[in-house]
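In what follows, a single structure is set out as structure tokens and then discussed.
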Amino acid sequence: MANILLPLQIVDGKLKTTDKIVKSIDDFLSLLITTSQNDSVSARKFGFVFNNLRFEIFNENEGVVYDSSLEEDAGEELGPDIYEKKISGSSKNLNTFAAELKEAIIKYEKRLQDVSVSISYIREERLLYVVVKGVLSSTKERYRYLTTIKIWN
């Protein structure tokens, strides 16, 4: 089975593909994590909601993001409880950004099963470490993806 490469490449009038499923999934997860929700016209919910908060206040001590808007309904498009979510944690706890990312991966990356996500904030490095684990649907092999997100404060 061939998998599409990202960024998209066209060779001889066709999308370039690869047999390397892990590379294809890695590239897709990178795209999903770095895309803010509402940035894709064709799929408004595609992306990772955490990236929508780049202009908000990140409290390093508490590991949360504060709503900097004075308007009561400012955060409604992202969900009413988005500012109550913890940065560090795993997808087992619904009140974390890891749970948000896990939902997006389950929705958009069907080549992975048994998905789990953990996010750790390393204050000294000012980085979020994101670890995605799962099982490849086609081969039943274990899968692991690691990336970092730089904090904006």
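Every chain in the structure tokens takes a letter, A first, then B, and so on in the order presented; its residues are numbered from 1, and the ligands are numbered from 1 following the presented order.
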
Set the distance at 7 Å and use only C-alpha atoms: which residues neighbour A:Ser91 once local chain neighbours fewer than 3 positions away are removed? I'd like the list as a PyMOL selection string.
chain A and resi 94+96+98-99+102+116-118

Just N, CA and C atoms for this one: save the residues we selected as an mmCIF file, in the first residue's frame.
data_model
loop_
_atom_site.group_PDB
_atom_site.id
_atom_site.type_symbol
_atom_site.label_atom_id
_atom_site.label_comp_id
_atom_site.auth_asym_id
_atom_site.auth_seq_id
_atom_site.Cartn_x
_atom_site.Cartn_y
_atom_site.Cartn_z
ATOM 1 N N LEU A 94 -8.958 13.746 30.791
ATOM 2 C CA LEU A 94 -9.694 14.554 29.823
ATOM 3 C C LEU A 94 -9.408 16.039 29.939
ATOM 4 N N THR A 96 -6.674 17.742 29.781
ATOM 5 C CA THR A 96 -5.337 18.083 29.297
ATOM 6 C C THR A 96 -5.384 18.335 27.790
ATOM 7 N N ALA A 98 -3.313 16.988 25.893
ATOM 8 C CA ALA A 98 -3.004 15.673 25.328
ATOM 9 C C ALA A 98 -4.289 14.959 24.895
ATOM 10 N N ALA A 99 -5.346 15.109 25.666
ATOM 11 C CA ALA A 99 -6.633 14.499 25.302
ATOM 12 C C ALA A 99 -7.190 15.146 24.035
ATOM 13 N N LYS A 102 -5.181 13.732 21.141
ATOM 14 C CA LYS A 102 -5.554 12.338 20.894
ATOM 15 C C LYS A 102 -6.851 12.267 20.083
ATOM 16 N N SER A 116 -2.257 6.876 22.208
ATOM 17 C CA SER A 116 -2.106 7.567 23.487
ATOM 18 C C SER A 116 -1.153 8.734 23.252
ATOM 19 N N VAL A 117 -1.377 9.816 23.990
ATOM 20 C CA VAL A 117 -0.576 11.029 23.835
ATOM 21 C C VAL A 117 -0.170 11.511 25.218
ATOM 22 N N SER A 118 1.070 11.935 25.334
ATOM 23 C CA SER A 118 1.501 12.597 26.567
ATOM 24 C C SER A 118 2.248 13.862 26.175
#

If we count only C-alpha atoms and set the cut-off at 12 Å, which residues sit around A:Glu103, ignoring sequence neighbours fewer than 3 positions away in its own chain? Please answer as a ChimeraX atom specification.
/A:32,45-49,91-92,94,96-100,106-110,113-117,132

Would you list, as a ChimeraX atom specification, the residues of stretch 70-142 of chain A that end up in strand (DSSP E) under DSSP run on this structure's backbone?
/A:89-90,112-122,127-136,142

DSSP on the backbone: what in stretch 3-143 of chain A comes out alpha helix (DSSP H), as a PyMOL selection string?
chain A and resi 21-34+97-108

Counting only C-alpha atoms, which of A:Glu56, A:Ile87, A:Gln9, A:Asp27 gets nearest to A:Arg123?
A:Ile87

In terms of the shortest atom-to-atom distance over only C-alpha atoms, which of A:Trp152, A:Ser138, A:Val131, A:Tyr145 is closest to A:Asn3?
A:Ser138

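Proximity ranking of A:Val41, A:Val65, A:Leu112, A:Ile105 relative to A:Leu29 places A:Ile105 first, based on only C-alpha atoms.
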
Please compute the atom CA of A:Ile149-atom CA of A:Tyr129 distance, one decimal, in Å.
6.7 Å

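Here atom CA of A:Tyr143 stands at a distance of 10.5 Å from atom CA of A:Arg111.
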